[in-house]
Each structure stands twice: as C-alpha cells, then as structure tokens.
file work15.txt (compact mmCIF, N, CA and C atoms and all ligand atoms)
# COMPACT_ATOMS: atom_id res chain seq x y z
N MET A 1 -142.40 130.05 171.29
CA MET A 1 -141.33 129.08 171.06
C MET A 1 -140.13 129.39 171.97
N LYS A 2 -139.62 128.36 172.49
CA LYS A 2 -138.53 128.51 173.46
C LYS A 2 -137.19 128.23 172.79
N THR A 3 -136.28 129.10 172.94
CA THR A 3 -134.95 128.80 172.40
C THR A 3 -134.06 128.31 173.53
N ILE A 4 -133.29 127.37 173.22
CA ILE A 4 -132.38 126.82 174.22
C ILE A 4 -130.97 127.29 173.90
N SER A 5 -130.42 128.00 174.84
CA SER A 5 -129.05 128.44 174.60
C SER A 5 -128.12 127.61 175.47
N VAL A 6 -127.12 127.09 174.87
CA VAL A 6 -126.17 126.25 175.60
C VAL A 6 -124.81 126.93 175.60
N SER A 7 -124.30 127.18 176.73
CA SER A 7 -122.95 127.73 176.76
C SER A 7 -121.99 126.59 177.13
N ILE A 8 -120.96 126.50 176.37
CA ILE A 8 -120.00 125.42 176.59
C ILE A 8 -118.77 125.96 177.29
N PRO A 9 -118.48 125.46 178.45
CA PRO A 9 -117.28 125.92 179.16
C PRO A 9 -116.03 125.70 178.30
N ALA A 10 -115.08 126.56 178.46
CA ALA A 10 -113.86 126.50 177.63
C ALA A 10 -113.17 125.15 177.71
N PHE A 11 -113.11 124.59 178.92
CA PHE A 11 -112.38 123.32 179.05
C PHE A 11 -113.10 122.22 178.28
N LEU A 12 -114.44 122.30 178.24
CA LEU A 12 -115.22 121.31 177.52
C LEU A 12 -115.03 121.49 176.01
N MET A 13 -114.98 122.76 175.61
CA MET A 13 -114.78 123.09 174.20
C MET A 13 -113.47 122.48 173.70
N SER A 14 -112.43 122.59 174.51
CA SER A 14 -111.14 122.05 174.06
C SER A 14 -111.21 120.52 173.97
N GLN A 15 -112.02 119.93 174.86
CA GLN A 15 -112.22 118.47 174.78
C GLN A 15 -112.92 118.11 173.47
N LEU A 16 -113.92 118.92 173.12
CA LEU A 16 -114.67 118.67 171.89
C LEU A 16 -113.75 118.81 170.68
N LEU A 17 -112.90 119.83 170.70
CA LEU A 17 -111.96 120.04 169.59
C LEU A 17 -111.01 118.87 169.47
N LEU A 18 -110.61 118.38 170.64
CA LEU A 18 -109.71 117.24 170.66
C LEU A 18 -110.38 116.03 170.03
N LEU A 19 -111.65 115.86 170.38
CA LEU A 19 -112.46 114.77 169.85
C LEU A 19 -112.57 114.90 168.33
N ALA A 20 -112.86 116.16 167.90
CA ALA A 20 -113.02 116.43 166.47
C ALA A 20 -111.72 116.13 165.73
N SER A 21 -110.60 116.50 166.33
CA SER A 21 -109.33 116.25 165.64
C SER A 21 -109.04 114.76 165.61
N GLY A 22 -109.55 114.04 166.60
CA GLY A 22 -109.42 112.59 166.59
C GLY A 22 -110.13 111.99 165.40
N PHE A 23 -111.32 112.50 165.10
CA PHE A 23 -112.06 112.02 163.94
C PHE A 23 -111.34 112.38 162.66
N ALA A 24 -110.79 113.60 162.64
CA ALA A 24 -110.05 114.05 161.47
C ALA A 24 -108.88 113.11 161.21
N ALA A 25 -108.26 112.64 162.28
CA ALA A 25 -107.13 111.72 162.13
C ALA A 25 -107.58 110.45 161.44
N ALA A 26 -108.74 109.94 161.84
CA ALA A 26 -109.25 108.72 161.22
C ALA A 26 -109.59 108.96 159.76
N GLU A 27 -109.94 110.20 159.45
CA GLU A 27 -110.30 110.55 158.07
C GLU A 27 -109.07 110.72 157.20
N GLY A 28 -107.90 110.86 157.78
CA GLY A 28 -106.74 110.97 156.92
C GLY A 28 -105.61 111.85 157.42
N ALA A 29 -105.85 112.77 158.32
CA ALA A 29 -104.74 113.54 158.87
C ALA A 29 -103.80 112.55 159.54
N SER A 30 -102.57 112.97 159.75
CA SER A 30 -101.57 111.94 160.03
C SER A 30 -100.84 112.03 161.34
N PRO A 31 -101.28 111.33 162.34
CA PRO A 31 -100.42 111.18 163.50
C PRO A 31 -99.34 110.18 163.09
N ALA A 32 -98.10 110.58 163.09
CA ALA A 32 -97.07 109.68 162.56
C ALA A 32 -96.85 108.50 163.50
N MET A 33 -97.17 107.31 163.04
CA MET A 33 -96.94 106.12 163.83
C MET A 33 -95.63 105.47 163.42
N LEU A 34 -95.28 105.73 162.15
CA LEU A 34 -94.07 105.13 161.60
C LEU A 34 -93.19 106.22 161.02
N THR A 35 -91.90 105.93 160.92
CA THR A 35 -91.02 106.78 160.14
C THR A 35 -90.90 106.10 158.78
N ILE A 36 -91.38 106.79 157.75
CA ILE A 36 -91.40 106.20 156.42
C ILE A 36 -90.35 106.89 155.57
N SER A 37 -89.42 106.10 155.03
CA SER A 37 -88.34 106.70 154.24
C SER A 37 -88.12 105.92 152.95
N ASP A 38 -87.36 106.54 152.05
CA ASP A 38 -86.99 105.92 150.77
C ASP A 38 -88.19 105.35 150.01
N ALA A 39 -89.31 106.10 150.05
CA ALA A 39 -90.50 105.61 149.35
C ALA A 39 -90.41 105.94 147.87
N TYR A 40 -90.67 104.95 147.05
CA TYR A 40 -90.71 105.19 145.60
C TYR A 40 -91.70 104.26 144.92
N VAL A 41 -92.18 104.74 143.78
CA VAL A 41 -93.11 103.96 142.97
C VAL A 41 -92.52 103.86 141.58
N ARG A 42 -92.59 102.68 141.01
CA ARG A 42 -92.07 102.48 139.65
C ARG A 42 -92.99 103.15 138.64
N ASP A 43 -92.37 103.79 137.67
CA ASP A 43 -93.15 104.38 136.59
C ASP A 43 -93.80 103.25 135.79
N LEU A 44 -94.91 103.58 135.15
CA LEU A 44 -95.65 102.57 134.38
C LEU A 44 -94.85 102.07 133.19
N ILE A 45 -94.98 100.79 132.94
CA ILE A 45 -94.49 100.24 131.68
C ILE A 45 -95.54 100.66 130.64
N PRO A 46 -95.12 101.23 129.49
CA PRO A 46 -96.11 101.73 128.52
C PRO A 46 -97.20 100.69 128.24
N GLY A 47 -98.44 101.14 128.28
CA GLY A 47 -99.56 100.26 127.99
C GLY A 47 -100.12 99.54 129.21
N ARG A 48 -99.47 99.73 130.34
CA ARG A 48 -99.98 99.06 131.54
C ARG A 48 -100.50 100.07 132.57
N SER A 49 -101.33 99.60 133.48
CA SER A 49 -101.90 100.49 134.49
C SER A 49 -101.59 100.02 135.91
N MET A 50 -100.72 99.00 136.00
CA MET A 50 -100.39 98.43 137.30
C MET A 50 -98.91 98.67 137.60
N THR A 51 -98.62 99.01 138.85
CA THR A 51 -97.22 99.22 139.21
C THR A 51 -96.99 98.79 140.66
N ALA A 52 -95.80 99.06 141.17
CA ALA A 52 -95.48 98.64 142.53
C ALA A 52 -94.80 99.77 143.29
N GLY A 53 -95.00 99.78 144.61
CA GLY A 53 -94.41 100.79 145.46
C GLY A 53 -93.58 100.14 146.56
N PHE A 54 -92.51 100.85 146.94
CA PHE A 54 -91.57 100.32 147.93
C PHE A 54 -91.20 101.40 148.94
N MET A 55 -90.80 101.00 150.13
CA MET A 55 -90.43 101.97 151.16
C MET A 55 -89.85 101.25 152.37
N THR A 56 -89.28 102.05 153.26
CA THR A 56 -88.77 101.52 154.52
C THR A 56 -89.66 102.04 155.64
N LEU A 57 -90.15 101.13 156.47
CA LEU A 57 -91.05 101.49 157.57
C LEU A 57 -90.34 101.23 158.88
N HIS A 58 -90.18 102.29 159.68
CA HIS A 58 -89.56 102.11 160.99
C HIS A 58 -90.58 102.42 162.07
N ASN A 59 -90.68 101.56 163.05
CA ASN A 59 -91.61 101.76 164.16
C ASN A 59 -90.82 102.19 165.40
N PRO A 60 -90.83 103.48 165.72
CA PRO A 60 -90.03 103.97 166.85
C PRO A 60 -90.70 103.71 168.21
N SER A 61 -91.93 103.21 168.19
CA SER A 61 -92.68 103.07 169.45
C SER A 61 -92.35 101.75 170.16
N GLY A 62 -92.90 101.61 171.33
CA GLY A 62 -92.69 100.41 172.12
C GLY A 62 -93.75 99.34 171.88
N LYS A 63 -94.62 99.60 170.90
CA LYS A 63 -95.68 98.63 170.59
C LYS A 63 -95.63 98.26 169.11
N PRO A 64 -96.01 97.03 168.77
CA PRO A 64 -96.04 96.69 167.35
C PRO A 64 -97.10 97.52 166.61
N VAL A 65 -96.84 97.82 165.36
CA VAL A 65 -97.79 98.54 164.51
C VAL A 65 -98.18 97.62 163.37
N THR A 66 -99.48 97.49 163.13
CA THR A 66 -99.95 96.62 162.06
C THR A 66 -100.55 97.45 160.94
N LEU A 67 -99.93 97.35 159.77
CA LEU A 67 -100.41 98.06 158.59
C LEU A 67 -101.47 97.18 157.94
N THR A 68 -102.64 97.77 157.71
CA THR A 68 -103.74 96.95 157.17
C THR A 68 -104.12 97.31 155.73
N ARG A 69 -103.85 98.55 155.32
CA ARG A 69 -104.17 98.89 153.94
C ARG A 69 -103.42 100.13 153.50
N ALA A 70 -103.43 100.33 152.19
CA ALA A 70 -102.80 101.51 151.61
C ALA A 70 -103.73 102.04 150.54
N CYS A 71 -103.67 103.34 150.31
CA CYS A 71 -104.49 103.91 149.25
C CYS A 71 -103.83 105.17 148.70
N ALA A 72 -104.30 105.60 147.53
CA ALA A 72 -103.80 106.82 146.89
C ALA A 72 -104.88 107.35 145.98
N ARG A 73 -104.96 108.68 145.89
CA ARG A 73 -105.96 109.29 145.00
C ARG A 73 -105.72 108.92 143.55
N TRP A 74 -104.47 108.69 143.21
CA TRP A 74 -104.11 108.48 141.80
C TRP A 74 -104.14 107.01 141.40
N ALA A 75 -104.64 106.15 142.28
CA ALA A 75 -104.74 104.71 141.97
C ALA A 75 -106.12 104.21 142.35
N SER A 76 -106.64 103.24 141.60
CA SER A 76 -107.98 102.75 141.95
C SER A 76 -107.94 101.83 143.16
N SER A 77 -106.87 101.06 143.31
CA SER A 77 -106.74 100.24 144.51
C SER A 77 -105.28 99.85 144.74
N ILE A 78 -104.98 99.52 145.98
CA ILE A 78 -103.62 99.09 146.34
C ILE A 78 -103.74 97.85 147.22
N GLU A 79 -102.97 96.83 146.89
CA GLU A 79 -102.93 95.61 147.71
C GLU A 79 -101.56 95.49 148.37
N LEU A 80 -101.54 94.85 149.52
CA LEU A 80 -100.27 94.51 150.18
C LEU A 80 -99.84 93.16 149.62
N HIS A 81 -98.63 93.10 149.11
CA HIS A 81 -98.15 91.86 148.48
C HIS A 81 -96.83 91.40 149.08
N THR A 82 -96.60 90.11 148.96
CA THR A 82 -95.28 89.58 149.27
C THR A 82 -94.89 88.62 148.15
N HIS A 83 -93.64 88.23 148.13
CA HIS A 83 -93.19 87.23 147.17
C HIS A 83 -92.92 85.93 147.92
N THR A 84 -93.26 84.83 147.32
CA THR A 84 -92.92 83.53 147.90
C THR A 84 -92.25 82.69 146.84
N HIS A 85 -91.39 81.81 147.29
CA HIS A 85 -90.74 80.88 146.35
C HIS A 85 -91.46 79.54 146.45
N GLU A 86 -92.02 79.10 145.35
CA GLU A 86 -92.70 77.80 145.32
C GLU A 86 -92.10 76.98 144.19
N ASP A 87 -91.48 75.86 144.55
CA ASP A 87 -90.84 74.97 143.57
C ASP A 87 -89.90 75.76 142.66
N GLY A 88 -89.13 76.65 143.27
CA GLY A 88 -88.16 77.40 142.49
C GLY A 88 -88.75 78.54 141.67
N VAL A 89 -90.07 78.75 141.79
CA VAL A 89 -90.71 79.83 141.04
C VAL A 89 -91.11 80.92 142.02
N MET A 90 -90.79 82.17 141.67
CA MET A 90 -91.15 83.28 142.54
C MET A 90 -92.55 83.76 142.17
N ARG A 91 -93.43 83.78 143.18
CA ARG A 91 -94.80 84.21 142.95
C ARG A 91 -95.15 85.35 143.89
N MET A 92 -96.12 86.19 143.43
CA MET A 92 -96.63 87.24 144.30
C MET A 92 -97.91 86.76 144.95
N ARG A 93 -98.10 87.19 146.18
CA ARG A 93 -99.28 86.78 146.92
C ARG A 93 -99.79 87.96 147.73
N GLU A 94 -101.11 88.15 147.73
CA GLU A 94 -101.67 89.22 148.53
C GLU A 94 -101.67 88.80 150.00
N ILE A 95 -101.33 89.75 150.88
CA ILE A 95 -101.38 89.48 152.32
C ILE A 95 -102.30 90.50 152.98
N ASP A 96 -102.84 90.16 154.14
CA ASP A 96 -103.81 91.03 154.81
C ASP A 96 -103.14 92.18 155.55
N THR A 97 -102.02 91.89 156.16
CA THR A 97 -101.37 92.90 157.00
C THR A 97 -99.85 92.80 156.90
N ILE A 98 -99.19 93.89 157.28
CA ILE A 98 -97.74 93.88 157.45
C ILE A 98 -97.48 94.40 158.86
N GLU A 99 -96.86 93.58 159.70
CA GLU A 99 -96.60 94.02 161.07
C GLU A 99 -95.17 94.54 161.19
N ILE A 100 -95.06 95.70 161.83
CA ILE A 100 -93.74 96.27 162.11
C ILE A 100 -93.55 96.18 163.62
N PRO A 101 -92.70 95.26 164.09
CA PRO A 101 -92.52 95.07 165.53
C PRO A 101 -91.97 96.33 166.21
N ALA A 102 -92.18 96.44 167.50
CA ALA A 102 -91.72 97.58 168.28
C ALA A 102 -90.23 97.81 168.06
N GLY A 103 -89.87 99.04 167.70
CA GLY A 103 -88.47 99.41 167.54
C GLY A 103 -87.79 98.84 166.31
N LYS A 104 -88.56 98.18 165.45
CA LYS A 104 -87.95 97.52 164.29
C LYS A 104 -88.24 98.24 162.97
N THR A 105 -87.50 97.82 161.95
CA THR A 105 -87.64 98.37 160.61
C THR A 105 -88.02 97.24 159.65
N VAL A 106 -89.00 97.51 158.80
CA VAL A 106 -89.40 96.54 157.78
C VAL A 106 -89.27 97.23 156.43
N SER A 107 -88.60 96.58 155.49
CA SER A 107 -88.42 97.17 154.17
C SER A 107 -89.32 96.51 153.14
N LEU A 108 -89.98 97.34 152.36
CA LEU A 108 -90.72 96.85 151.20
C LEU A 108 -89.76 97.06 150.04
N GLU A 109 -89.35 95.98 149.39
CA GLU A 109 -88.33 96.11 148.35
C GLU A 109 -88.56 95.08 147.25
N PRO A 110 -87.99 95.34 146.07
CA PRO A 110 -88.20 94.41 144.95
C PRO A 110 -87.83 92.98 145.36
N GLY A 111 -88.70 92.04 145.02
CA GLY A 111 -88.46 90.64 145.37
C GLY A 111 -89.01 90.26 146.73
N GLY A 112 -89.53 91.25 147.47
CA GLY A 112 -90.09 90.97 148.79
C GLY A 112 -91.45 91.62 148.95
N LEU A 113 -91.67 92.19 150.14
CA LEU A 113 -92.92 92.90 150.38
C LEU A 113 -93.01 94.11 149.45
N HIS A 114 -94.22 94.40 149.00
CA HIS A 114 -94.42 95.60 148.18
C HIS A 114 -95.88 96.02 148.19
N LEU A 115 -96.13 97.23 147.73
CA LEU A 115 -97.49 97.67 147.48
C LEU A 115 -97.77 97.39 146.00
N MET A 116 -98.84 96.65 145.72
CA MET A 116 -99.25 96.41 144.33
C MET A 116 -100.32 97.44 144.02
N ILE A 117 -100.02 98.30 143.07
CA ILE A 117 -100.86 99.47 142.81
C ILE A 117 -101.59 99.32 141.47
N PHE A 118 -102.92 99.40 141.52
CA PHE A 118 -103.75 99.16 140.33
C PHE A 118 -104.47 100.42 139.86
N GLY A 119 -104.78 100.44 138.59
CA GLY A 119 -105.61 101.52 138.05
C GLY A 119 -104.91 102.85 138.01
N VAL A 120 -103.68 102.86 137.54
CA VAL A 120 -102.89 104.09 137.47
C VAL A 120 -102.87 104.59 136.02
N GLU A 121 -103.00 105.91 135.85
CA GLU A 121 -102.97 106.47 134.51
C GLU A 121 -101.65 107.19 134.26
N ALA A 122 -101.14 107.03 133.05
CA ALA A 122 -99.94 107.76 132.63
C ALA A 122 -100.38 109.13 132.13
N PRO A 123 -99.54 110.17 132.24
CA PRO A 123 -98.24 110.13 132.90
C PRO A 123 -98.39 110.27 134.42
N MET A 124 -97.52 109.62 135.15
CA MET A 124 -97.57 109.70 136.60
C MET A 124 -96.83 110.95 137.08
N ALA A 125 -97.24 111.48 138.23
CA ALA A 125 -96.58 112.66 138.80
C ALA A 125 -95.20 112.28 139.34
N GLU A 126 -94.33 113.27 139.43
CA GLU A 126 -92.97 113.03 139.95
C GLU A 126 -92.99 112.73 141.44
N SER A 127 -93.97 113.33 142.13
CA SER A 127 -94.11 113.07 143.57
C SER A 127 -95.53 112.55 143.81
N LEU A 128 -95.62 111.43 144.48
CA LEU A 128 -96.90 110.72 144.59
C LEU A 128 -97.30 110.57 146.05
N GLU A 129 -98.46 111.10 146.38
CA GLU A 129 -98.90 110.96 147.77
C GLU A 129 -99.59 109.62 147.99
N LEU A 130 -99.18 108.98 149.05
CA LEU A 130 -99.73 107.68 149.42
C LEU A 130 -100.19 107.75 150.87
N MET A 131 -101.07 106.84 151.24
CA MET A 131 -101.50 106.77 152.62
C MET A 131 -101.52 105.31 153.07
N VAL A 132 -101.03 105.08 154.26
CA VAL A 132 -101.14 103.74 154.84
C VAL A 132 -102.02 103.86 156.10
N CYS A 133 -102.80 102.83 156.36
CA CYS A 133 -103.68 102.84 157.52
C CYS A 133 -103.37 101.62 158.38
N PHE A 134 -103.68 101.76 159.66
CA PHE A 134 -103.30 100.75 160.63
C PHE A 134 -104.52 100.11 161.28
N ASP A 135 -104.31 99.07 162.04
CA ASP A 135 -105.45 98.35 162.63
C ASP A 135 -106.16 99.16 163.71
N ASN A 136 -105.60 100.31 164.11
CA ASN A 136 -106.30 101.18 165.06
C ASN A 136 -107.09 102.26 164.33
N GLU A 137 -107.25 102.08 162.99
CA GLU A 137 -108.04 102.99 162.16
C GLU A 137 -107.36 104.33 161.89
N GLN A 138 -106.13 104.49 162.34
CA GLN A 138 -105.41 105.72 162.04
C GLN A 138 -104.65 105.54 160.72
N CYS A 139 -104.44 106.67 160.06
CA CYS A 139 -103.75 106.63 158.78
C CYS A 139 -102.59 107.61 158.80
N GLN A 140 -101.65 107.37 157.92
CA GLN A 140 -100.47 108.23 157.82
C GLN A 140 -100.16 108.43 156.34
N SER A 141 -100.03 109.70 155.94
CA SER A 141 -99.72 109.93 154.53
C SER A 141 -98.25 110.27 154.37
N PHE A 142 -97.75 110.01 153.19
CA PHE A 142 -96.34 110.27 152.89
C PHE A 142 -96.21 110.39 151.39
N SER A 143 -95.08 110.90 150.91
CA SER A 143 -94.94 110.98 149.47
C SER A 143 -93.80 110.10 148.98
N ALA A 144 -94.00 109.59 147.79
CA ALA A 144 -93.05 108.67 147.17
C ALA A 144 -92.55 109.29 145.88
N ASP A 145 -91.32 109.01 145.53
CA ASP A 145 -90.75 109.49 144.26
C ASP A 145 -91.11 108.53 143.14
N LEU A 146 -91.24 109.10 141.97
CA LEU A 146 -91.46 108.27 140.79
C LEU A 146 -90.10 107.82 140.29
N VAL A 147 -89.95 106.52 140.07
CA VAL A 147 -88.67 105.98 139.61
C VAL A 147 -88.88 105.19 138.32
N ASP A 148 -88.05 105.46 137.34
CA ASP A 148 -88.14 104.74 136.08
C ASP A 148 -87.53 103.36 136.26
N ILE A 149 -88.29 102.33 135.96
CA ILE A 149 -87.86 100.94 136.16
C ILE A 149 -86.61 100.61 135.34
N ARG A 150 -86.40 101.35 134.25
CA ARG A 150 -85.27 101.04 133.37
C ARG A 150 -83.96 101.67 133.85
N ASP A 151 -84.07 102.54 134.88
CA ASP A 151 -82.84 103.19 135.39
C ASP A 151 -81.99 102.19 136.17
CU CU A 201 -97.44 92.23 143.65

call {"tool": "encode", "arguments": {"input": "work15.txt", "output": "structure tokens"}}
result
Amino acid sequence: MKTISVSIPAFLMSQLLLLASGFAAAEGASPAMLTISDAYVRDLIPGRSMTAGFMTLHNPSGKPVTLTRACARWASSIELHTHTHEDGVMRMREIDTIEIPAGKTVSLEPGGLHLMIFGVEAPMAESLELMVCFDNEQCQSFSADLVDIRD
C-alpha cells in the first residue's frame, strides 16, 4: 500500500486558514459590517412569548448593506417588521430586507422598523445575544439589553 504524503507550503497553509476563517464568518463569527448601538429587547408581557427588538444600525462603509435576517438562540424565530399607516390604523407588516445606505444610519424604534421576536421563554436574560445576517451571507452578532416595557 502506498501512502501519499502531501506537504503544504506555508504560504498555501495561510491561504487555507484564511479560507477556513471565511467559512467560519459565514457560520456566525462577526466581521463587523455595521456599527450597532442602543440595542434593546422588551421584556415579555406575562403570559406571552412574543416581543420586539430595537437598535441603531450605522453603515460606515462606502457601499449599501442589506440586512436579510436576524436570529437568536433564545428565540424560535425573528422577523423583520415595519409599521404602516392604513386608513388611520397603524399595522405591522413583515418585510424581506432592511437596507442601510452607505454612510447612513437606520434606527429600529417603536412605531417603526423593529425585530419581531417569537418563541421566547420567561424569564429573559438581562443581556441578550442577537445576530443579524446580510445578503452577502455574512453575519454579525451583538448584544441587546433587556428593557421592561412598563418603565
Ligand atoms: Cu412586529
């Protein structure tokens, strides 16, 4: 039986590592595409399992960034939502993406864009890790504070 030994030149090895870290990024490690600040999630109303998350997204780059989904270990699913006014009634609507133009800031705030978070169990942690993913398949994680809606 013949054994094949392959020696990998150092420069090639570093390329492979780079490639591997690229895959890791797609899996969840975070090349920061956005500056995410003031992130918070409302504490659950007793008896409910659905809540909402808010934050400020700043895109420091020269290219638009498109947010396509959000997820968290502590929630079964998260939808991107906006509010619309129809005949004087405010309604929530799911949207596919949130675009943050180059150099601009987009705020997710009550009455506007928000993360609709489903399948949450009480009690919620004081600090909540969330992840947002973009149309280039990269993701970025960040933490949000738990905020009591009655405050
Ligand atoms: Cu909603």

call {"tool": "closest_residue", "arguments": {"input": "work15.txt", "among": "A:Ser37, A:Thr68, A:Ser77, A:Thr82", "to": "ligand CU 201 (chain A)", "atoms": "all atoms listed in the file"}}
result
A:Thr82

call {"tool": "residues_near_point", "arguments": {"input": "work15.txt", "point": "(-102.1, 87.0, 150.1)", "cutoff": "7 Å", "atoms": "only N, CA and C atoms", "output": "list in words"}}
result
Leu80, His81, Thr82, Met92, Arg93, Glu94, Ile95 and Asp96 of chain A

call {"tool": "write_last_selection", "arguments": {"input": "work15.txt", "atoms": "N, CA and C atoms", "output": "PDB file, keeping the file's coordinate frame"}}
result
ATOM      1  N   LEU A  80    -101.540  94.850 149.520  1.00  0.00           N
ATOM      2  CA  LEU A  80    -100.270  94.510 150.180  1.00  0.00           C
ATOM      3  C   LEU A  80     -99.840  93.160 149.620  1.00  0.00           C
ATOM      4  N   HIS A  81     -98.630  93.100 149.110  1.00  0.00           N
ATOM      5  CA  HIS A  81     -98.150  91.860 148.480  1.00  0.00           C
ATOM      6  C   HIS A  81     -96.830  91.400 149.080  1.00  0.00           C
ATOM      7  N   THR A  82     -96.600  90.110 148.960  1.00  0.00           N
ATOM      8  CA  THR A  82     -95.280  89.580 149.270  1.00  0.00           C
ATOM      9  C   THR A  82     -94.890  88.620 148.150  1.00  0.00           C
ATOM     10  N   MET A  92     -96.120  86.190 143.430  1.00  0.00           N
ATOM     11  CA  MET A  92     -96.630  87.240 144.300  1.00  0.00           C
ATOM     12  C   MET A  92     -97.910  86.760 144.950  1.00  0.00           C
ATOM     13  N   ARG A  93     -98.100  87.190 146.180  1.00  0.00           N
ATOM     14  CA  ARG A  93     -99.280  86.780 146.920  1.00  0.00           C
ATOM     15  C   ARG A  93     -99.790  87.960 147.730  1.00  0.00           C
ATOM     16  N   GLU A  94    -101.110  88.150 147.730  1.00  0.00           N
ATOM     17  CA  GLU A  94    -101.670  89.220 148.530  1.00  0.00           C
ATOM     18  C   GLU A  94    -101.670  88.800 150.000  1.00  0.00           C
ATOM     19  N   ILE A  95    -101.330  89.750 150.880  1.00  0.00           N
ATOM     20  CA  ILE A  95    -101.380  89.480 152.320  1.00  0.00           C
ATOM     21  C   ILE A  95    -102.300  90.500 152.980  1.00  0.00           C
ATOM     22  N   ASP A  96    -102.840  90.160 154.140  1.00  0.00           N
ATOM     23  CA  ASP A  96    -103.810  91.030 154.810  1.00  0.00           C
ATOM     24  C   ASP A  96    -103.140  92.180 155.550  1.00  0.00           C
TER      25      ASP A  96
END

call {"tool": "atom_distance", "arguments": {"input": "work15.txt", "atom1": "atom CA of A:Ala39", "atom2": "atom CA of A:Glu86"}}
result
28.2 Å

call {"tool": "residues_around", "arguments": {"input": "work15.txt", "residues": "A:Asp145", "least_positions_apart": "6", "cutoff": "10 Å", "atoms": "only C-alpha atoms", "output": "JSON, numbers by chain"}}
result
{"A": [38, 39, 40, 41, 42, 43, 53, 54, 125, 126, 127, 128, 129]}

call {"tool": "residues_near_point", "arguments": {"input": "work15.txt", "point": "(-101.7, 96.5, 149.2)", "cutoff": "6 Å", "atoms": "only N, CA and C atoms", "output": "NGL selection string"}}
result
:A and (69-70 or 78-81 or 114-116)

call {"tool": "write_last_selection", "arguments": {"input": "work15.txt", "atoms": "N, CA and C atoms", "output": "short mmCIF file (atom, residue, chain, number, x, y, z; two decimals), keeping the file's coordinate frame"}}
result
data_model
loop_
_atom_site.label_atom_id
_atom_site.label_comp_id
_atom_site.auth_asym_id
_atom_site.auth_seq_id
_atom_site.Cartn_x
_atom_site.Cartn_y
_atom_site.Cartn_z
N ARG A 69 -103.85 98.55 155.32
CA ARG A 69 -104.17 98.89 153.94
C ARG A 69 -103.42 100.13 153.50
N ALA A 70 -103.43 100.33 152.19
CA ALA A 70 -102.80 101.51 151.61
C ALA A 70 -103.73 102.04 150.54
N ILE A 78 -104.98 99.52 145.98
CA ILE A 78 -103.62 99.09 146.34
C ILE A 78 -103.74 97.85 147.22
N GLU A 79 -102.97 96.83 146.89
CA GLU A 79 -102.93 95.61 147.71
C GLU A 79 -101.56 95.49 148.37
N LEU A 80 -101.54 94.85 149.52
CA LEU A 80 -100.27 94.51 150.18
C LEU A 80 -99.84 93.16 149.62
N HIS A 81 -98.63 93.10 149.11
CA HIS A 81 -98.15 91.86 148.48
C HIS A 81 -96.83 91.40 149.08
N HIS A 114 -94.22 94.40 149.00
CA HIS A 114 -94.42 95.60 148.18
C HIS A 114 -95.88 96.02 148.19
N LEU A 115 -96.13 97.23 147.73
CA LEU A 115 -97.49 97.67 147.48
C LEU A 115 -97.77 97.39 146.00
N MET A 116 -98.84 96.65 145.72
CA MET A 116 -99.25 96.41 144.33
C MET A 116 -100.32 97.44 144.02
#

call {"tool": "atom_distance", "arguments": {"input": "work15.txt", "atom1": "atom N of A:Pro123", "atom2": "atom C of A:Trp74"}}
result
10.7 Å

call {"tool": "closest_residue", "arguments": {"input": "work15.txt", "among": "A:Ala32, A:Ala52, A:Met131, A:Ala102", "to": "ligand CU 201 (chain A)", "atoms": "all atoms listed in the file"}}
result
A:Ala52

call {"tool": "closest_residue", "arguments": {"input": "work15.txt", "among": "A:Arg48, A:His83, A:Arg73, A:His58", "to": "ligand CU 201 (chain A)", "atoms": "all atoms listed in the file"}}
result
A:His83

call {"tool": "atom_distance", "arguments": {"input": "work15.txt", "atom1": "atom CA of A:Ala72", "atom2": "atom CA of A:His85"}}
result
29.0 Å

call {"tool": "closest_residue", "arguments": {"input": "work15.txt", "among": "A:Thr66, A:Thr105, A:Ser76, A:Thr35", "to": "A:Phe134", "atoms": "only C-alpha atoms"}}
result
A:Thr66

call {"tool": "select_by_dssp", "arguments": {"input": "work15.txt", "residues": "stretch 20-99 of chain A", "states": "alpha helix (DSSP H)", "output": "list in words"}}
result
Ala20, Ser21, Gly22, Phe23, Ala24, Ala25, Ala26 and Glu27 of chain A

call {"tool": "closest_residue", "arguments": {"input": "work15.txt", "among": "A:Val147, A:Gly88, A:Val120, A:Met55", "to": "A:Ile36", "atoms": "all atoms listed in the file"}}
result
A:Met55

call {"tool": "closest_residue", "arguments": {"input": "work15.txt", "among": "A:Met33, A:Ile149, A:Cys139, A:Met90", "to": "ligand CU 201 (chain A)", "atoms": "only C-alpha atoms and all ligand atoms"}}
result
A:Met90

call {"tool": "select_by_dssp", "arguments": {"input": "work15.txt", "residues": "stretch 66-132 of chain A", "states": "strand (DSSP E)", "output": "PyMOL selection string"}}
result
chain A and resi 66-71+77-86+89-94+98-100+105-108+114-118+127-132
